[in-house]
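A.B. asks: Enclosed is the structure file start_9.txt (compact mmCIF, C-alpha atoms).
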# COMPACT_ATOMS: atom_id res chain seq x y z
CA MET A 533 -13.63 -34.78 -5.11
CA TRP A 534 -10.11 -36.10 -5.17
CA ALA A 535 -7.37 -33.92 -3.80
CA ALA A 536 -5.34 -32.31 -6.57
CA ARG A 537 -2.12 -33.90 -5.30
CA ARG A 538 -3.63 -37.39 -5.41
CA GLN A 539 -4.91 -36.75 -8.94
CA ALA A 540 -1.43 -35.60 -9.96
CA THR A 541 0.15 -38.73 -8.44
CA VAL A 542 -2.27 -41.02 -10.29
CA LEU A 543 -1.69 -39.10 -13.54
CA LEU A 544 2.05 -39.38 -13.05
CA MET A 545 1.84 -43.16 -12.57
CA ILE A 546 -0.43 -43.55 -15.60
CA SER A 547 1.78 -41.40 -17.80
CA VAL A 548 4.98 -43.23 -16.76
CA ALA A 549 3.38 -46.66 -17.36
CA ALA A 550 1.83 -45.52 -20.66
CA GLY A 551 5.09 -43.90 -21.75
CA LEU A 552 7.05 -47.08 -21.04
CA ALA A 553 4.40 -49.18 -22.87
CA THR A 554 4.62 -46.82 -25.85
CA LEU A 555 8.38 -46.84 -26.08
CA PHE A 556 9.25 -50.36 -24.99
CA GLY A 557 6.04 -52.36 -25.54
CA PRO A 558 6.21 -55.45 -27.76
CA ASP A 559 5.60 -55.07 -31.50
CA GLU A 560 3.13 -57.97 -31.50
CA PRO A 561 -0.37 -57.38 -30.00
CA ILE A 562 -1.04 -59.01 -26.62
CA GLY A 563 -4.53 -60.55 -26.49
CA GLY A 564 -5.48 -58.51 -29.53
CA VAL A 565 -4.37 -55.26 -27.88
CA ASP A 566 -1.69 -53.13 -29.50
CA VAL A 567 0.32 -52.21 -26.40
CA GLY A 568 2.28 -49.43 -28.09
CA ALA A 569 -0.76 -47.67 -29.58
CA THR A 570 -2.78 -48.04 -26.39
CA GLY A 571 0.14 -46.70 -24.36
CA ALA A 572 0.52 -43.73 -26.73
CA SER A 573 -3.19 -42.89 -26.44
CA LEU A 574 -3.11 -43.20 -22.65
CA PHE A 575 0.01 -41.04 -22.51
CA MET A 576 -1.64 -38.31 -24.56
CA LEU A 577 -4.78 -38.50 -22.40
CA SER A 578 -2.71 -38.22 -19.22
CA LEU A 579 -0.92 -35.16 -20.65
CA ILE A 580 -4.27 -33.53 -21.47
CA ALA A 581 -5.59 -34.39 -17.99
CA ALA A 582 -2.43 -32.88 -16.47
CA LEU A 583 -3.01 -29.70 -18.44
CA VAL A 584 -6.61 -29.50 -17.21
CA LEU A 585 -5.52 -30.20 -13.62
CA PHE A 586 -2.86 -27.48 -13.66
CA ALA A 587 -5.18 -25.03 -15.43
CA ARG A 588 -7.85 -25.43 -12.75
CA ARG A 589 -5.92 -26.22 -9.56
CA SER A 590 -2.25 -25.39 -10.09
CA GLY A 591 -1.90 -24.02 -6.55
CA GLU A 592 -2.96 -27.31 -4.95
CA VAL A 593 -0.79 -29.84 -6.74
CA PHE A 594 2.48 -29.18 -4.91
CA PRO A 595 3.08 -28.76 -1.16
CA ASP A 596 2.39 -25.25 0.12
CA ASP A 597 6.02 -24.68 1.05
CA ALA A 598 7.29 -25.37 -2.49
CA SER A 599 8.10 -22.16 -4.38
CA VAL A 600 7.09 -21.56 -8.00
CA ALA A 601 10.70 -22.12 -9.08
CA GLU A 602 10.81 -25.43 -7.20
CA GLN A 603 7.56 -26.59 -8.77
CA ARG A 604 8.93 -25.74 -12.20
CA ALA A 605 12.10 -27.68 -11.38
CA TRP A 606 10.09 -30.81 -10.54
CA ILE A 607 8.01 -30.51 -13.71
CA GLY A 608 11.18 -29.91 -15.74
CA ALA A 609 12.88 -33.01 -14.31
CA LEU A 610 9.80 -35.11 -15.11
CA PHE A 611 9.47 -33.92 -18.70
CA ILE A 612 13.20 -34.17 -19.43
CA GLY A 613 12.99 -37.72 -18.07
CA PHE A 614 10.27 -38.44 -20.64
CA VAL A 615 12.35 -36.79 -23.38
CA LEU A 616 15.39 -38.88 -22.43
CA LEU A 617 13.36 -42.11 -22.51
CA ASP A 618 11.98 -41.17 -25.92
CA TYR A 619 15.46 -40.29 -27.13
CA LEU A 620 16.92 -43.61 -25.94
CA ARG A 621 14.14 -45.49 -27.75
CA PHE A 622 14.84 -43.46 -30.87
CA MET A 623 18.57 -44.21 -30.69
CA TRP A 624 17.75 -47.88 -30.20
CA ALA A 625 15.64 -47.81 -33.38
CA LEU A 626 18.51 -46.08 -35.18
CA TRP A 627 20.91 -48.75 -33.94
CA GLN A 628 18.68 -51.47 -35.41
CA LEU A 629 19.06 -50.07 -38.96
CA PRO A 630 21.64 -51.84 -41.13
CA GLU A 631 23.34 -48.52 -41.78
CA PRO A 632 22.70 -44.93 -40.61
CA PRO A 633 20.25 -43.00 -42.83
CA PRO A 634 21.95 -40.47 -45.09
CA THR A 635 19.84 -37.39 -44.47
CA LEU A 636 18.33 -35.58 -41.54
CA THR A 637 14.83 -35.63 -42.99
CA ALA A 638 14.93 -39.39 -43.34
CA VAL A 639 15.41 -39.72 -39.61
CA TYR A 640 13.59 -36.73 -38.25
CA ALA A 641 10.39 -37.43 -40.16
CA THR A 642 9.57 -39.89 -37.42
CA GLN A 643 7.32 -39.97 -34.42
CA PHE A 644 10.26 -38.93 -32.26
CA LEU A 645 10.13 -35.27 -33.25
CA ARG A 646 6.35 -35.14 -33.01
CA ARG A 647 6.43 -36.59 -29.49
CA LEU A 648 9.26 -34.24 -28.55
CA PHE A 649 7.24 -31.28 -29.79
CA VAL A 650 4.16 -32.32 -27.80
CA LEU A 651 6.22 -32.86 -24.65
CA ILE A 652 7.91 -29.47 -24.92
CA VAL A 653 4.62 -27.65 -25.56
CA VAL A 654 2.88 -29.34 -22.60
CA TRP A 655 5.93 -28.68 -20.40
CA ALA A 656 5.91 -24.98 -21.37
CA VAL A 657 2.16 -24.61 -20.78
CA ILE A 658 2.27 -26.31 -17.36
CA SER A 659 5.29 -24.17 -16.34
CA HIS A 660 3.32 -21.09 -17.36
CA LEU A 661 0.24 -22.24 -15.43
CA ILE A 662 2.32 -22.82 -12.29
CA GLY A 663 3.56 -19.24 -12.29
CA ARG A 664 0.29 -17.47 -12.92
CA ARG A 665 -0.66 -16.87 -9.29
CA ALA A 666 -1.06 -13.12 -9.16
CA GLY A 667 1.34 -10.95 -7.22
CA GLU A 668 3.70 -13.74 -6.25
CA VAL A 669 7.46 -13.48 -6.73
CA GLU A 670 8.45 -16.36 -9.01
CA THR A 671 12.23 -16.40 -8.66
CA ASP A 672 14.45 -14.75 -6.07
CA GLU A 673 18.12 -14.82 -5.06
CA ARG A 674 17.79 -18.16 -3.23
CA ASP A 675 16.33 -19.78 -6.36
CA LEU A 676 19.12 -18.29 -8.47
CA ARG A 677 21.74 -19.60 -6.03
CA LEU A 678 20.27 -23.13 -6.19
CA GLN A 679 20.00 -22.89 -9.99
CA ASN A 680 23.65 -21.86 -10.12
CA VAL A 681 24.66 -24.94 -8.10
CA SER A 682 22.59 -27.25 -10.32
CA ALA A 683 23.94 -25.64 -13.51
CA ARG A 684 27.49 -26.33 -12.29
CA ALA A 685 26.50 -29.95 -11.58
CA GLY A 686 25.08 -30.14 -15.12
CA ASP A 687 28.31 -28.74 -16.58
CA LEU A 688 30.36 -31.24 -14.58
CA SER A 689 28.20 -34.13 -15.79
CA LEU A 690 28.53 -32.93 -19.39
CA THR A 691 32.31 -32.82 -19.01
CA LEU A 692 32.37 -36.34 -17.56
CA ILE A 693 30.10 -37.69 -20.32
CA ILE A 694 32.24 -36.08 -23.05
CA VAL A 695 35.43 -37.52 -21.53
CA SER A 696 33.71 -40.93 -21.33
CA CYS A 697 32.65 -40.64 -25.00
CA VAL A 698 36.23 -39.76 -26.01
CA CYS A 699 37.53 -42.82 -24.13
CA LEU A 700 34.84 -45.02 -25.74
CA LEU A 701 35.70 -43.71 -29.21
CA ALA A 702 39.38 -44.44 -28.58
CA LEU A 703 38.59 -48.03 -27.55
CA THR A 704 35.91 -48.81 -30.15
CA PRO A 705 36.90 -51.14 -33.03
CA ALA A 706 37.16 -49.45 -36.45
CA PRO A 707 34.06 -51.05 -38.11
CA LEU A 708 31.82 -49.98 -35.24
CA LEU A 709 33.47 -46.56 -35.14
CA ALA A 710 32.31 -45.90 -38.71
CA TRP A 711 28.69 -46.31 -37.58
CA TRP A 712 29.09 -43.96 -34.60
CA LEU A 713 30.83 -41.32 -36.69
CA ALA A 714 28.10 -41.15 -39.34
CA PRO A 715 26.89 -37.52 -39.33
CA ILE A 716 23.32 -38.41 -38.44
CA VAL A 717 24.37 -40.60 -35.50
CA LEU A 718 26.93 -38.09 -34.29
CA ALA A 719 24.33 -35.30 -34.41
CA ASN A 720 21.94 -37.36 -32.33
CA VAL A 721 24.63 -38.30 -29.84
CA LEU A 722 25.36 -34.59 -29.35
CA ILE A 723 21.65 -33.94 -28.77
CA GLY A 724 21.68 -36.80 -26.27
CA LEU A 725 24.53 -35.10 -24.38
CA LEU A 726 22.43 -31.95 -24.05
CA ILE A 727 19.40 -33.92 -22.85
CA ALA A 728 21.54 -35.79 -20.29
CA ARG A 729 23.10 -32.55 -19.05
CA SER A 730 19.67 -30.95 -18.69
CA LEU A 731 18.34 -33.97 -16.80
CA VAL A 732 21.26 -33.92 -14.34
CA GLU A 733 20.77 -30.18 -13.83
CA HIS A 734 17.05 -30.53 -13.11
CA VAL A 735 17.46 -33.57 -10.85
CA VAL A 736 20.18 -31.81 -8.82
CA LEU A 737 17.95 -28.74 -8.61
CA THR A 738 14.96 -30.69 -7.33
CA MET A 739 17.17 -32.49 -4.82
CA ALA A 740 18.60 -29.15 -3.66
CA TYR A 741 15.10 -27.75 -3.13
CA PHE A 742 14.00 -30.94 -1.40
CA ALA A 743 17.02 -30.83 0.94
CA ALA A 744 16.46 -27.12 1.64
CA ARG A 745 12.88 -27.79 2.75
CA ARG A 746 13.80 -30.55 5.20
CA MET B 742 25.85 -26.81 6.86
CA THR B 743 24.76 -24.01 9.22
CA PRO B 744 25.01 -20.52 7.68
CA ALA B 745 27.60 -18.22 9.23
CA VAL B 746 25.03 -15.42 9.37
CA ARG B 747 22.49 -15.83 12.14
CA ASN B 748 19.30 -13.84 12.24
CA ARG B 749 16.45 -12.80 14.51
CA ILE B 750 13.87 -12.33 11.75
CA ARG B 751 11.21 -14.49 13.34
CA GLU B 752 11.74 -12.85 16.74
CA TRP B 753 11.33 -9.30 15.39
CA ARG B 754 8.50 -10.31 13.10
CA VAL B 755 6.55 -11.91 15.95
CA MET B 756 7.34 -8.93 18.17
CA ARG B 757 5.76 -6.64 15.62
CA GLY B 758 2.71 -8.86 15.71
CA ASP B 759 1.24 -7.70 12.42
CA LEU B 760 3.70 -9.05 9.89
CA THR B 761 3.23 -12.47 8.33
CA GLN B 762 5.93 -14.36 6.41
CA GLU B 763 3.95 -13.67 3.25
CA GLN B 764 3.84 -9.92 3.89
CA LEU B 765 7.54 -9.78 4.75
CA ALA B 766 8.33 -11.75 1.58
CA LYS B 767 6.28 -9.33 -0.50
CA ALA B 768 7.93 -6.31 1.11
CA CYS B 769 11.37 -7.73 0.26
CA ASP B 770 10.56 -9.06 -3.24
CA VAL B 771 11.34 -12.66 -2.35
CA THR B 772 9.30 -15.84 -2.06
CA ARG B 773 7.73 -16.91 1.21
CA GLN B 774 9.89 -20.03 1.00
CA THR B 775 13.01 -17.86 1.24
CA ILE B 776 11.69 -16.22 4.43
CA ILE B 777 10.96 -19.72 5.80
CA ALA B 778 14.51 -20.83 4.92
CA LEU B 779 15.97 -17.68 6.53
CA GLU B 780 13.97 -18.07 9.72
CA GLY B 781 14.92 -21.73 9.87
CA GLY B 782 18.61 -20.78 9.65
CA LYS B 783 19.03 -22.67 6.38
CA TYR B 784 19.97 -19.75 4.16
CA SER B 785 22.28 -16.73 4.36
CA PRO B 786 20.88 -13.72 2.50
CA SER B 787 22.75 -11.34 0.24
CA LEU B 788 23.66 -7.97 1.72
CA GLU B 789 20.90 -6.32 -0.30
CA LEU B 790 18.24 -8.70 0.99
CA ALA B 791 19.53 -8.33 4.55
CA PHE B 792 19.08 -4.55 4.28
CA LYS B 793 15.59 -4.97 2.79
CA ILE B 794 14.51 -7.32 5.60
CA SER B 795 15.93 -5.05 8.29
CA ARG B 796 14.12 -2.08 6.79
CA ALA B 797 10.83 -4.02 6.52
CA LEU B 798 11.16 -5.00 10.19
CA GLY B 799 12.01 -1.41 11.17
CA ARG B 800 15.33 -2.44 12.72
CA ASN B 801 19.01 -1.80 12.16
CA LEU B 802 20.94 -4.42 10.22
CA ASP B 803 22.96 -5.57 13.23
CA GLU B 804 19.82 -6.01 15.30
CA VAL B 805 18.50 -8.54 12.83
CA PHE B 806 21.66 -10.23 11.51
CA GLN B 807 24.77 -11.35 13.36
CA TYR B 808 27.90 -12.92 11.96
CA ALA B 809 28.78 -16.08 13.86
CA GLU B 810 32.58 -16.44 14.17
For this file, write the structure as C-alpha cells.
C.D. replies:
Amino acid sequence: MWAARRQATVLLMISVAAGLATLFGPDEPIGGVDVGATGASLFMLSLIAALVLFARRSGEVFPDDASVAEQRAWIGALFIGFVLLDYLRFMWALWQLPEPPPTLTAVYATQFLRRLFVLIVVWAVISHLIGRRAGEVETDERDLRLQNVSARAGDLSLTLIIVSCVCLLALTPAPLLAWWLAPIVLANVLIGLLIARSLVEHVVLTMAYFAARR
Amino acid sequence: MTPAVRNRIREWRVMRGDLTQEQLAKACDVTRQTIIALEGGKYSPSLELAFKISRALGRNLDEVFQYAE
C-alpha cells in the first residue's frame, strides 16, 4: 500500500493539473476530448480522494513534527490558491464581456460560486479531519504568535494592494475607468483583495512554520 | 534569531527519565512541536508557560530558564 504522504503528493499534482486544465484549458476539444470538462471531473475526483485519504489516514499525511495548526495552514494555503486561480479565471471571463452585467445574480449564477462552495466545504471538512486526533492540543501560544505575525503580513499586503489599486485608478484612462467602477466589477475586485490578503497570510504562516521546524 | 531566554528543559526532562516530550506537552497544554521548538532553543515561552513547564519538571523557574544578557 502506498504511503499516505505519497498518495497526498500524487493527489496534489493531479488536482493542480486538473484545476489548471479546467480553468485555462482551450474551449475547443483536443483529439475529441473536452479538456475543461475532463479537468473538472478529475479535479472533483481528486477532492473526493483527498477527503477519503484524510478521513482514513489524516495522521500520516504530514510529517510527524508538524502540529495540527501547521497542517491546517498548509491546507489553507493550498485551497486559497485554488480559490484565487478560480477567481482570476472568473475575472478574466468578466473582462471578456462587452460591458459589465447589471445585476449580481447575472454574474453569480455561474460555475464560479458553485466551485467556490465545493472548495470551501472540502477545505472545512479536511481541516476538521486533521484536528480530530483525540486528546491533542490543536493550537497553543506558539501557534498564536506565528498566526499573529502572518496576520500582520496579510494586513501589510492588503494595504500595499489597496495603495496600488488607488494609483492604478488614478492613472487609468476615463473609458476604461468606467468599466472598473461598475458596481459588479468593483464588488468582485474587493472580494479579490480579501482572497489575496488571505493567501499572503496563509503562505507567510506556512513559511513561518517551515522555518521554525528547520 | 536566538531567543534571549535559554532553557534546560531537555536536561531536566532526561534527568527525570520518565517524561517524554509528548507527556510534558500534555501537562503544559501545548503541542509537542512547541516543546521541540523550546528544547531546540527556537522559541521563548510566555511567563505562564515557563511556570507550567517548571512545575511539570518539578523545578524552580530559574533552574529551568535563564535570561541571556
A.B. asks: Compute the distance from (25.3, -16.3, 14.2) to each atom, counting only C-alpha atoms, keep the residues with any atom at most 10 Å away, and return them as an mmCIF file with C-alpha atoms, keeping the file's coordinate frame; use the coordinates of the file.
C.D. replies:
data_model
loop_
_atom_site.group_PDB
_atom_site.id
_atom_site.type_symbol
_atom_site.label_atom_id
_atom_site.label_comp_id
_atom_site.auth_asym_id
_atom_site.auth_seq_id
_atom_site.Cartn_x
_atom_site.Cartn_y
_atom_site.Cartn_z
ATOM 1 C CA THR B 743 24.760 -24.010 9.220
ATOM 2 C CA PRO B 744 25.010 -20.520 7.680
ATOM 3 C CA ALA B 745 27.600 -18.220 9.230
ATOM 4 C CA VAL B 746 25.030 -15.420 9.370
ATOM 5 C CA ARG B 747 22.490 -15.830 12.140
ATOM 6 C CA ASN B 748 19.300 -13.840 12.240
ATOM 7 C CA ARG B 749 16.450 -12.800 14.510
ATOM 8 C CA GLY B 782 18.610 -20.780 9.650
ATOM 9 C CA PHE B 806 21.660 -10.230 11.510
ATOM 10 C CA GLN B 807 24.770 -11.350 13.360
ATOM 11 C CA TYR B 808 27.900 -12.920 11.960
ATOM 12 C CA ALA B 809 28.780 -16.080 13.860
ATOM 13 C CA GLU B 810 32.580 -16.440 14.170
#
A.B. asks: Would you mind listing, as a list in words, all residues of chain B that have at least one atom within 8 Å of chain A, where all atoms listed in the file are what counts?
C.D. replies: Lys767, Asp770, Val771, Thr772, Arg773, Gln774, Thr775, Ala778, Lys783, Tyr784, Pro786 and Ser787 of chain B
A.B. asks: My list of candidates is A:Val584, A:Val567, A:Val542, A:Leu626. Which is closest to Ala714 of chain A when distances are computed with only C-alpha atoms?
C.D. replies: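 Ranking A:Val584, A:Val567, A:Val542, A:Leu626 by distance to Ala714 of chain A, first place goes to A:Leu626.
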A.B. asks: Could you state the separation of atom CA of Asp803 of chain B and atom CA of Gly781 of chain B in Å, given to one decimal place?
C.D. replies: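 Computing it gives 18.4 Å between the two atoms.
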A.B. asks: Atom CA of Pro715 of chain A and atom CA of Phe622 of chain A are how many Å apart?
C.D. replies: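 The value is 15.9 Å.
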